[in-house]
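A short worksheet on the structure shown next.
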Amino acid sequence: DVDAAALYVVSLLGLNQGDREPVAYARAADLAESLFVKFPNHPGAAHYLIHAVDDPDHARRGLAAARAYSAIAPSAGHALHMTSHIFLAMGMWDDVARANDEAMATIKRAVGHSVQFSVYGLLQAGRRRDARRWLDSLATQRSSSLEAVREDSKVHLGLTIPAYLAETKEWKSGYVSMLGDTTSSISGGVGEALFGDALAAVSRGKRDRADSLLARLIALRSLASTRKLASASDIGNHEVREKTLRAMMLRADRKPEEAVRLLRFAAEQEAALPMDFGPPVSIEPPREAAGEILLALGRAAEARAEFLLALARAPGRSAVLLGLARAEKALGNRAEAARRYGEVAANWHAADGDWPALAEVRAGAAAH
């Protein structure tokens, strides 16, 4: 029975409190894939196959299901959004943005999850204006008459604004002031909001505020560790944020070597956690941050190694590809530098004209 089998896939995916458990997920993927082959128009087969393989190592197995699912359920907003789980894991940024645009046109309210995915994809594509449009739209829902919509807006602004700030480096943006409003009774978004607020404080030289926010992050982790339903990933991601924030403080204190050591420690801890779906949990990925510091120190070979590890976790991520291009250029590897610049240029084919580094990328790609 296809429906019973599909529900069994769901039960496998739900093991281990939602963390990606490799054996269960592999079994779920195999079963869902066989269902999708036999019943290519069954919404459950497509949906659960996508869930089972929406990480960088396995996403290609779900691409056919992602392509099909939007046609299977064209009026279901969540179905339209689900396709972007695969597109994001494969670095297909135009598809991420398109899928969530279509989803939000159908959902219309409580759209925070789709906004989060869309903003991330748009920023990878260099489309800051479109990303801001969705952020601003989500912010207006804080005044909705419906509590569920207000809560959805608060949680997802807490997740999405920090990611926007980290990607654009607009640490003096008015969005920073919104972060204080995103604290919610739901745990989602609080840690990210505190982390983003603290990174902004470090960038702006407000160390007292950064220290205060770090203390709140530590308290939040301690609280999370007492909750029966807290997963290993919940606790681990809190610890990664704390280490990354401390490293950024060390960098601001002109202690780059210590910062790199701590970032590598954070990255190793992150790599040991179950891989999550969607935009990177850490808005300041520690491998990427370590690579940027090493590149600034003139240690291009070490920077390249860090960026390659970062790319394995986030295929197609523009900042990582740009870091790789710069590292290869510094090492005198002209052809490889041009190839990496070309990958960024492909991501940024429709980028805003004032997008940072756009001229550098186009010139570097043209040298191929």
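Each chain in the structure tokens gets a letter, A, B, ..., in the order shown, and its residues are numbered from 1; ligands are numbered from 1 in order too.
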
In segment 140-325 of chain A, DSSP helix (DSSP H, G or I) residues written as a PyMOL selection string: chain A and resi 140-143+147-168+175-181+190-203+207-225+232-252+256-271+286-296+300-313+318-325

Need the shell around Arg264 of chain A: protein/DNA/RNA residues with any atom at most 8 Å away, counting only C-alpha atoms. Skip same-chain ones fewer than 3 positions apart. Format as JSON, numbers by chain? {"A": [260, 261, 267, 268, 286, 287, 290]}

Under the rule of at most 7 Å, produce a per-residue listing of segment 234-314 of chain A near segment 327-338 of chain A: chain, number, name, the closest pair of atoms, and the distance in Å, as CSV, using only C-alpha atoms.
residue,atom,partner,partner_atom,distance
A:Leu295,CA,A:Ala327,CA,6.7
A:Ala300,CA,A:Ala327,CA,5.0
A:Ala301,CA,A:Ala327,CA,7.0
A:Ala303,CA,A:Ala327,CA,6.6
A:Arg304,CA,A:Ala327,CA,5.7

Mind pulling up the distance from atom CA of Asp19 of chain A to atom CA of Leu159 of chain A?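 The value is 18.8 Å.
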
To one decimal place, how far is atom CA of Gly14 of chain A from atom CA of Val111 of chain A in Å?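 Value for the atom CA of Gly14 of chain A-atom CA of Val111 of chain A distance: 23.5 Å.
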
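For segment 316-322 of chain A, the list of residues within 7 Å, based on only C-alpha atoms and with local chain neighbours fewer than 6 positions off taken out, reads Gly91, Gln124, Glu288, Phe307, Ala310, Arg340, Tyr341 and Val344 of chain A.
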
Write the residues you've just listed into a file as a JSON list (two decimals), in the first residue's frame, and include C-alpha atoms for each of them.
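The resulting file, part17.json, is reproduced below:
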[["chain", "number", "residue", "atom", "x", "y", "z"],
["A", 91, "GLY", "CA", 23.36, 25.71, -4.78],
["A", 124, "GLN", "CA", 23.60, 34.17, -2.90],
["A", 288, "GLU", "CA", 34.49, 30.35, 5.95],
["A", 307, "PHE", "CA", 37.20, 27.28, 1.92],
["A", 310, "ALA", "CA", 33.27, 25.11, 3.77],
["A", 340, "ARG", "CA", 36.09, 30.04, -9.41],
["A", 341, "TYR", "CA", 35.38, 33.65, -10.36],
["A", 344, "VAL", "CA", 30.52, 33.33, -8.66]]

All residues 6 Å or closer to segment 113-116 of chain A, only C-alpha atoms, same chain fewer than 2 positions away omitted, as a VMD selection string: chain A and resid 100 111 118 to 119 160

Quick one: residues within 7 Å of segment 66-81 of chain A, only C-alpha atoms, excluding same-chain residues fewer than 4 positions away - as a PDB file with N, CA and C atoms, in the first residue's frame?
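Saved result, around_21.pdb, follows:
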ATOM      1  N   ASN A  41       3.404  10.383  -9.399  1.00  0.00           N
ATOM      2  CA  ASN A  41       2.466  11.475  -9.129  1.00  0.00           C
ATOM      3  C   ASN A  41       1.932  11.456  -7.698  1.00  0.00           C
ATOM      4  N   PRO A  43       1.966  12.552  -4.072  1.00  0.00           N
ATOM      5  CA  PRO A  43       2.598  13.680  -3.373  1.00  0.00           C
ATOM      6  C   PRO A  43       3.460  13.257  -2.190  1.00  0.00           C
ATOM      7  N   ALA A  46       6.998  11.983  -3.359  1.00  0.00           N
ATOM      8  CA  ALA A  46       7.898  13.085  -3.724  1.00  0.00           C
ATOM      9  C   ALA A  46       8.316  13.886  -2.491  1.00  0.00           C
ATOM     10  N   ILE A  50      12.195  14.085  -0.844  1.00  0.00           N
ATOM     11  CA  ILE A  50      12.897  15.371  -0.700  1.00  0.00           C
ATOM     12  C   ILE A  50      13.414  15.530   0.729  1.00  0.00           C
ATOM     13  N   GLY A  62      17.199  13.665  -5.029  1.00  0.00           N
ATOM     14  CA  GLY A  62      15.853  14.217  -4.919  1.00  0.00           C
ATOM     15  C   GLY A  62      15.508  15.242  -5.979  1.00  0.00           C
ATOM     16  N   ILE A  86      15.821  20.927  -1.958  1.00  0.00           N
ATOM     17  CA  ILE A  86      16.813  20.299  -2.838  1.00  0.00           C
ATOM     18  C   ILE A  86      17.622  21.358  -3.572  1.00  0.00           C
ATOM     19  N   ALA A  99      11.023  29.111  -6.492  1.00  0.00           N
ATOM     20  CA  ALA A  99      10.135  28.187  -5.783  1.00  0.00           C
ATOM     21  C   ALA A  99       9.445  28.870  -4.610  1.00  0.00           C
ATOM     22  N   ASN A 100      10.180  29.673  -3.886  1.00  0.00           N
ATOM     23  CA  ASN A 100       9.583  30.318  -2.714  1.00  0.00           C
ATOM     24  C   ASN A 100       8.721  31.515  -3.084  1.00  0.00           C
ATOM     25  N   GLU A 102       6.792  31.444  -5.674  1.00  0.00           N
ATOM     26  CA  GLU A 102       5.548  30.764  -6.020  1.00  0.00           C
ATOM     27  C   GLU A 102       4.822  30.287  -4.762  1.00  0.00           C
ATOM     28  N   ALA A 103       5.580  29.801  -3.792  1.00  0.00           N
ATOM     29  CA  ALA A 103       4.968  29.330  -2.551  1.00  0.00           C
ATOM     30  C   ALA A 103       4.286  30.469  -1.813  1.00  0.00           C
ATOM     31  N   MET A 104       4.959  31.610  -1.718  1.00  0.00           N
ATOM     32  CA  MET A 104       4.402  32.736  -0.966  1.00  0.00           C
ATOM     33  C   MET A 104       3.190  33.339  -1.654  1.00  0.00           C
ATOM     34  N   THR A 106       0.965  31.633  -2.887  1.00  0.00           N
ATOM     35  CA  THR A 106      -0.124  30.721  -2.531  1.00  0.00           C
ATOM     36  C   THR A 106      -0.457  30.775  -1.048  1.00  0.00           C
ATOM     37  N   ILE A 107       0.590  30.885  -0.204  1.00  0.00           N
ATOM     38  CA  ILE A 107       0.382  30.854   1.250  1.00  0.00           C
ATOM     39  C   ILE A 107      -0.185  32.175   1.754  1.00  0.00           C
ATOM     40  N   SER A 114       9.308  30.319   4.164  1.00  0.00           N
ATOM     41  CA  SER A 114       9.631  30.558   2.754  1.00  0.00           C
ATOM     42  C   SER A 114      10.451  31.828   2.574  1.00  0.00           C
TER      43      SER A 114
END

Selection near Ala272 of chain A, 12 Å with only C-alpha atoms, sequence-local residues under 5 positions removed, as a ChimeraX atom specification: /A:20,232-233,236-237,240,265-267,313

Identify, on the basis of only C-alpha atoms, every residue whose closest approach to Pro22 of chain A does not exceed 12 Å; exclude the query and any residue fewer than 4 positions from it along the same chain; express the result as a list in words.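 Here the answer would be Leu12, Leu13, Leu15, Asn16, Gly18, Ala26, Arg27, Ala28, Ala29, Ala52, Val53, Asp55, Asp57, His58, Leu273, Pro274, Met275 and Asp276 of chain A.
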
Using C-alpha atoms, can you export the residues from the last selection as a short mmCIF file (atom, residue, chain, number, x, y, z; two decimals), in the first residue's frame?
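This is the output file selection.cif:
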data_model
loop_
_atom_site.label_atom_id
_atom_site.label_comp_id
_atom_site.auth_asym_id
_atom_site.auth_seq_id
_atom_site.Cartn_x
_atom_site.Cartn_y
_atom_site.Cartn_z
CA LEU A 12 11.74 6.89 9.93
CA LEU A 13 12.40 10.59 9.37
CA LEU A 15 13.43 9.22 14.72
CA ASN A 16 16.12 10.80 16.92
CA GLY A 18 14.30 15.31 14.29
CA ALA A 26 19.19 6.13 4.28
CA ARG A 27 16.38 3.60 4.73
CA ALA A 28 13.79 6.34 4.31
CA ALA A 29 15.48 7.62 1.15
CA ALA A 52 15.15 12.26 3.19
CA VAL A 53 17.87 13.63 0.90
CA ASP A 55 21.50 17.64 2.41
CA ASP A 57 25.74 14.80 -0.02
CA HIS A 58 22.44 13.30 -1.17
CA LEU A 273 26.65 17.50 14.30
CA PRO A 274 23.90 15.97 12.13
CA MET A 275 23.57 17.94 8.90
CA ASP A 276 20.51 20.16 8.93
#

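Closest approach to Ala357 of chain A from the set A:Gly158, A:Gly126, A:Gly196, A:Pro40 is made by A:Gly126, with distances taken over only C-alpha atoms.
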
Atom pair atom CA of His156 of chain A / atom CA of Gly189 of chain A: separation (Å):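 A separation of 6.3 Å between them.
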